[in-house]
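Student: Could you have a look at this structure, given as structure tokens, before my questions?
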Amino acid sequence: MSMMRLELSNINKIKSASIDLKGLTVIAGTNDTGKSTLGKMLFTVVKSLGETHVNQKEESANRIMEKLEQLYSSVTQRYFVSGKSDAREKFRQEFMPPRMMAEISSSFYGNPLLSGDEREQRLQSYITDKKEQILSFDFGPSLRESCHAKLDAIYEEISEKIEPESLFARELHTGIKSEFMSNVCSAGTNGSSIAFYGEEGYVRVEINNDEIKDVEMSSDLYLLLTDVTFIETPLYMQLMNIFSRAVTYKDLASKRGILGSLNPIVPMHIKDLANKLELSQYNFGKQAADVMGIGKIIDGYFEYDKKTRNFQIVRKQHGKTVKVKSINVASGIKMFGLMQLLLEAGEINENRMLIIDEPENHLHPKWQIECARLLVKMAKTGIPLMVSSHSPYFIQGIRYFANKEQAEELVNYYLAEEDKESGYSVVTEVTDDLNKVFVKLAEPMNEIMNLD
């Protein structure tokens, strides 16, 4: 996968961080050093960029459709009041707004295969053709001139570029409110910043007093990532019925929450995970469990039970198929189950990143090693990953399997440490000196060993 980079300055616990994202990125450190902040901010930025791209198309399409409606209604209200059935049907066929919108979309609007000059030529030809069609109707000079003016306005609307900076600022604001309760600036600092560099281009954000003050985005910003998933805890699997009814601040802002404030409000990454897990009901079974070896680790595979709207693990015991509800399954097994379900739903792949926050919290050291093996295997298939950890077993497992699988170039290691002077954390790369991680994480055990 191509390189991307996330840079943070004075964001909550983090004083400074510059993280290169390629393959598998490991963030090590003790508790309260900003590891979760890194993962949640990466999730928020990638989601915001994706929504910006979608909203650019949506807002442009909505404005074009509005002008198409104006053109259509101006004629039908003024000219086809009565009679002229043949002309009326001809006009409907040629200028019906949904049909024109489909023509615009399929011919050139949003067509990635066309160059700028080709798109412009097609657009001019299309508008010219529509103007000639207007001349074929028995319109008066005033109505004809009005139609041509509206077609010119449609041309301008299609040609106009919506400023992505304002759209991204809006999406990032909503994401920060959802993930951080709008509280991201480190206390006592002059300003905070976020920067993200993609395959091509960049976006930089300046934040003061938890308010976005400036967004700079290059016109050539391009991301191979189309989505990202953040796993905070496997316990969410058994709470699907609650999260399926929950809403986010984004839902409330866009009035997509049916019951509004009566619905439970959850962070965006939780609702996002719930939505993706629901897609697993359309899977064919245990493909990912077999391909990635998850089935061997958990001795079975997870599936969605449509009747109870919950998850269960399917196993063979004494020659019989046994199904156990997720609430009765160990948390560590559910962690592997989440990855199996997301893989099978197509929500983790070469263009869809996975972020896991301290997976070892629910795993025995033996299973920590198995999780490390699985993540290295996923990275080798091209899946982009970020994982935070404070477990030397887990990190040593990643190092071992990366070496065994000859995948060391796919793994980057970072250490988050508290700066004594400021009280905030500095995140530095330690790929070439991983002993720094083990020394740091072994400090509590060394202290116990040295007790009198």
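Residues are referred to by chain and number: the chain letter is A, B, ... according to the order shown in the structure tokens, the number counts from 1 in that chain, and ligands are numbered separately from 1 in the order shown.
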So that I can check the surroundings of Leu143 of chain A, please list as a list of chain:residue names every protein, DNA and RNA residue that reaches within 12 Å of it, counting only C-alpha atoms and ignoring chain neighbours fewer than 6 positions away.

Tutor: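 Near neighbours after the sequence-gap exclusion: A:Leu71, A:Tyr72, A:Ser73, A:Ser74, A:Val75, A:Thr76, A:Gln77, A:Arg78, A:Tyr79, A:Phe80, A:Ile134, A:Leu135, A:Phe137, A:Ala149, A:Lys150.
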
Student: Could you dump the residues just selected with all heavy atoms as a compact mmCIF listing (two decimals), in the first residue's frame?

Tutor:
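Saved result, again_8.txt, follows:
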```txt
# COMPACT_ATOMS: atom_id res chain seq x y z
N LEU A 71 -36.31 24.80 -14.83
CA LEU A 71 -36.49 24.83 -16.28
C LEU A 71 -37.78 24.13 -16.68
O LEU A 71 -38.58 24.66 -17.46
CB LEU A 71 -35.29 24.17 -16.97
CG LEU A 71 -35.43 23.90 -18.48
CD1 LEU A 71 -35.56 25.22 -19.24
CD2 LEU A 71 -34.24 23.09 -18.99
N TYR A 72 -38.00 22.95 -16.16
CA TYR A 72 -39.16 22.16 -16.53
C TYR A 72 -40.47 22.85 -16.12
O TYR A 72 -41.40 22.97 -16.92
CB TYR A 72 -39.07 20.78 -15.87
CG TYR A 72 -40.10 19.79 -16.36
CD1 TYR A 72 -39.94 19.14 -17.57
CD2 TYR A 72 -41.23 19.51 -15.61
CE1 TYR A 72 -40.88 18.22 -18.02
CE2 TYR A 72 -42.18 18.60 -16.04
CZ TYR A 72 -42.00 17.95 -17.26
OH TYR A 72 -42.94 17.06 -17.70
N SER A 73 -40.53 23.30 -14.89
CA SER A 73 -41.77 23.92 -14.40
C SER A 73 -42.05 25.25 -15.07
O SER A 73 -43.21 25.62 -15.28
CB SER A 73 -41.71 24.10 -12.88
OG SER A 73 -40.65 24.97 -12.52
N SER A 74 -41.02 26.00 -15.45
CA SER A 74 -41.24 27.30 -16.10
C SER A 74 -41.95 27.13 -17.44
O SER A 74 -42.74 27.99 -17.84
CB SER A 74 -39.92 28.03 -16.30
OG SER A 74 -39.12 27.37 -17.27
N VAL A 75 -41.69 26.01 -18.11
CA VAL A 75 -42.34 25.76 -19.39
C VAL A 75 -43.73 25.16 -19.19
O VAL A 75 -44.70 25.61 -19.80
CB VAL A 75 -41.48 24.83 -20.26
CG1 VAL A 75 -42.23 24.44 -21.54
CG2 VAL A 75 -40.17 25.50 -20.62
N THR A 76 -43.83 24.15 -18.35
CA THR A 76 -45.12 23.47 -18.18
C THR A 76 -46.17 24.40 -17.58
O THR A 76 -47.36 24.25 -17.86
CB THR A 76 -44.96 22.23 -17.28
OG1 THR A 76 -44.38 22.62 -16.03
CG2 THR A 76 -44.07 21.20 -17.96
N GLN A 77 -45.77 25.34 -16.76
CA GLN A 77 -46.73 26.26 -16.15
C GLN A 77 -47.13 27.39 -17.09
O GLN A 77 -48.25 27.92 -17.00
CB GLN A 77 -46.13 26.84 -14.86
CG GLN A 77 -45.97 25.82 -13.75
CD GLN A 77 -45.26 26.40 -12.54
OE1 GLN A 77 -45.02 27.59 -12.46
NE2 GLN A 77 -44.92 25.53 -11.59
N ARG A 78 -46.27 27.78 -18.01
CA ARG A 78 -46.55 28.93 -18.86
C ARG A 78 -47.04 28.54 -20.26
O ARG A 78 -47.77 29.31 -20.90
CB ARG A 78 -45.28 29.78 -19.01
CG ARG A 78 -44.86 30.47 -17.72
CD ARG A 78 -43.52 31.16 -17.88
NE ARG A 78 -43.51 32.14 -18.95
CZ ARG A 78 -42.43 32.83 -19.33
NH1 ARG A 78 -41.29 32.63 -18.70
NH2 ARG A 78 -42.51 33.70 -20.32
N TYR A 79 -46.67 27.35 -20.72
CA TYR A 79 -46.94 27.05 -22.13
C TYR A 79 -47.94 25.89 -22.30
O TYR A 79 -48.89 25.99 -23.07
CB TYR A 79 -45.63 26.69 -22.84
CG TYR A 79 -45.79 26.48 -24.33
CD1 TYR A 79 -46.05 27.56 -25.18
CD2 TYR A 79 -45.69 25.21 -24.88
CE1 TYR A 79 -46.20 27.37 -26.55
CE2 TYR A 79 -45.83 25.00 -26.24
CZ TYR A 79 -46.08 26.09 -27.08
OH TYR A 79 -46.23 25.90 -28.42
N PHE A 80 -47.74 24.81 -21.57
CA PHE A 80 -48.60 23.64 -21.76
C PHE A 80 -49.77 23.67 -20.77
O PHE A 80 -50.01 22.71 -20.04
CB PHE A 80 -47.79 22.35 -21.58
CG PHE A 80 -46.68 22.21 -22.56
CD1 PHE A 80 -45.37 22.02 -22.14
CD2 PHE A 80 -46.94 22.25 -23.93
CE1 PHE A 80 -44.35 21.88 -23.06
CE2 PHE A 80 -45.90 22.10 -24.85
CZ PHE A 80 -44.61 21.93 -24.42
N ILE A 134 -35.09 23.41 -27.78
CA ILE A 134 -36.03 24.46 -27.36
C ILE A 134 -36.55 25.20 -28.59
O ILE A 134 -37.74 25.55 -28.67
CB ILE A 134 -35.34 25.43 -26.38
CG1 ILE A 134 -35.07 24.75 -25.03
CG2 ILE A 134 -36.18 26.70 -26.18
CD1 ILE A 134 -36.30 24.37 -24.26
N LEU A 135 -35.68 25.43 -29.56
CA LEU A 135 -36.08 26.16 -30.77
C LEU A 135 -37.11 25.39 -31.59
O LEU A 135 -37.82 25.98 -32.41
CB LEU A 135 -34.85 26.47 -31.62
CG LEU A 135 -33.81 27.42 -31.01
CD1 LEU A 135 -32.60 27.56 -31.93
CD2 LEU A 135 -34.43 28.78 -30.72
N PHE A 137 -39.72 24.01 -30.48
CA PHE A 137 -41.06 24.21 -29.93
C PHE A 137 -41.58 25.60 -30.31
O PHE A 137 -40.81 26.53 -30.56
CB PHE A 137 -41.03 24.08 -28.40
CG PHE A 137 -40.74 22.68 -27.92
CD1 PHE A 137 -39.44 22.29 -27.60
CD2 PHE A 137 -41.75 21.74 -27.81
CE1 PHE A 137 -39.16 21.02 -27.17
CE2 PHE A 137 -41.49 20.45 -27.37
CZ PHE A 137 -40.19 20.09 -27.06
N ALA A 149 -31.59 30.87 -20.90
CA ALA A 149 -30.90 31.40 -19.73
C ALA A 149 -30.79 30.34 -18.63
O ALA A 149 -29.76 30.22 -17.96
CB ALA A 149 -31.64 32.63 -19.20
N LYS A 150 -31.85 29.55 -18.47
CA LYS A 150 -31.82 28.49 -17.45
C LYS A 150 -30.85 27.39 -17.85
O LYS A 150 -30.18 26.79 -17.00
CB LYS A 150 -33.22 27.94 -17.24
CG LYS A 150 -34.13 28.88 -16.44
CD LYS A 150 -35.51 28.31 -16.25
CE LYS A 150 -36.31 29.17 -15.27
NZ LYS A 150 -36.46 30.56 -15.70
```

Student: What's the separation between atom CA of Ser388 of chain A and atom CA of Leu410 of chain A, in Å to one decimal place?

Tutor: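 Between atom CA of Ser388 of chain A and atom CA of Leu410 of chain A the gap is 16.0 Å.
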
Student: Rank nothing, just name the residue among A:Leu363, A:Leu224, A:Ile356, A:Ala187 nearest to Gly201 of chain A, using only C-alpha atoms.

Tutor: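 Between A:Leu363, A:Leu224, A:Ile356, A:Ala187, the residue approaching Gly201 of chain A most closely is A:Leu224.
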
Student: So what do you get for atom CA of Gly295 of chain A versus atom CA of Arg315 of chain A, distance-wise?

Tutor: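 That distance, rounded to one decimal, is 9.4 Å.
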
Student: Nearest to Lys323 of chain A among A:Tyr197, A:Phe336, A:Tyr301, A:Phe139, with distances taken over only C-alpha atoms: which residue is it?

Tutor: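 When distances to Lys323 of chain A are compared using only C-alpha atoms, the smallest one comes from A:Tyr301.
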
Student: Which residue, A:Leu68, A:Leu38, A:Ala28, A:Met353, has the smallest gap to Lys436 of chain A when you use only C-alpha atoms?

Tutor: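 Going through A:Leu68, A:Leu38, A:Ala28, A:Met353 one by one, the smallest distance to Lys436 of chain A is for A:Ala28.
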
Student: What's the separation between atom CA of Gly300 of chain A and atom CA of Ile348 of chain A, in Å to one decimal place?

Tutor: 20.2 Å

Student: Would you give me, as a VMD selection string, the residues in segment 192-363 of chain A that DSSP reads as helix (DSSP H, G or I)?

Tutor: chain A and resid 234 to 243 249 to 253 260 to 262 268 to 282 287 to 291 294 to 298 326 to 328 331 to 344 359 to 362

Student: Can you pull out every residue within 10 Å of Lys35 of chain A, counting only C-alpha atoms, but drop anything in the same chain fewer than 2 positions away, and send it as a ChimeraX atom specification?

Tutor: /A:13-14,26-33,37-40,357-358,387-390,414-417,425,427

Student: Counting only C-alpha atoms, figure out which residue out of A:Ile395, A:Ala372, A:Val426, A:Val184 gets nearest to Leu441 of chain A.

Tutor: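 Looking only at the distances to Leu441 of chain A, the closest residue turns out to be A:Ile395.
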
Student: So that I can see what lies close to Thr226 of chain A, please list as a VMD selection string the residues with an atom at most 12 Å from it, counting only C-alpha atoms and leaving out residues fewer than 6 positions away in the same chain.

Tutor: chain A and resid 43 45 to 54 198 347 to 354 384

Student: Restricted to C-alpha atoms, what would the selected residues look like written as a PDB file, in the first residue's frame?

Tutor:
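And here's result-v9.pdb as it stands now:
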```pdb
ATOM      1  CA  PHE A  43     -10.702   7.413  12.071  1.00  0.00           C
ATOM      2  CA  VAL A  45     -10.071  12.401   9.539  1.00  0.00           C
ATOM      3  CA  VAL A  46     -10.459   9.522   7.058  1.00  0.00           C
ATOM      4  CA  LYS A  47     -14.232   9.419   7.609  1.00  0.00           C
ATOM      5  CA  SER A  48     -14.453  13.197   7.146  1.00  0.00           C
ATOM      6  CA  LEU A  49     -12.475  13.072   3.908  1.00  0.00           C
ATOM      7  CA  GLY A  50     -14.715  10.296   2.597  1.00  0.00           C
ATOM      8  CA  GLU A  51     -17.877  12.195   3.494  1.00  0.00           C
ATOM      9  CA  THR A  52     -16.461  15.351   1.904  1.00  0.00           C
ATOM     10  CA  HIS A  53     -16.010  13.518  -1.394  1.00  0.00           C
ATOM     11  CA  VAL A  54     -19.547  12.115  -1.220  1.00  0.00           C
ATOM     12  CA  GLY A 198      -2.459  11.058   1.073  1.00  0.00           C
ATOM     13  CA  GLU A 347     -15.525  -3.902   5.241  1.00  0.00           C
ATOM     14  CA  ILE A 348     -11.815  -4.667   5.600  1.00  0.00           C
ATOM     15  CA  ASN A 349      -9.753  -4.841   2.431  1.00  0.00           C
ATOM     16  CA  GLU A 350      -6.946  -3.074   0.571  1.00  0.00           C
ATOM     17  CA  ASN A 351      -8.917   0.199   0.525  1.00  0.00           C
ATOM     18  CA  ARG A 352     -10.680  -0.094   3.883  1.00  0.00           C
ATOM     19  CA  MET A 353      -8.512   0.386   6.938  1.00  0.00           C
ATOM     20  CA  LEU A 354      -8.881  -1.330  10.315  1.00  0.00           C
ATOM     21  CA  PRO A 384      -3.951  -1.271   6.001  1.00  0.00           C
TER      22      PRO A 384
END
```

Student: Check the DSSP output for the backbone and give back, as a ChimeraX atom specification, the residues of segment 76-208 of chain A in strand (DSSP E or B).

Tutor: /A:185,192-197,200,202-208

Student: If we count only C-alpha atoms, what is near segment 267-283 of chain A at a cut-off of 6 Å, once residues fewer than 3 positions away on the same chain are taken out, given as a list in words?

Tutor: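 My list of contacting residues is Ser178, Glu179, Phe230, Thr248, Tyr304, Leu341 and Ala345 of chain A.
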
Student: Pick the closest to Leu221 of chain A from A:Lys325, A:Met4, A:Met292, A:Met339: which is it, counting only C-alpha atoms?

Tutor: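 Distance minimum relative to Leu221 of chain A lands on A:Met4.
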
Student: Point out the residue among A:Leu434, A:Leu375, A:Val215, A:Ala17 with the least atom-to-atom distance to Gln396 of chain A, counting only C-alpha atoms.

Tutor: A:Leu434
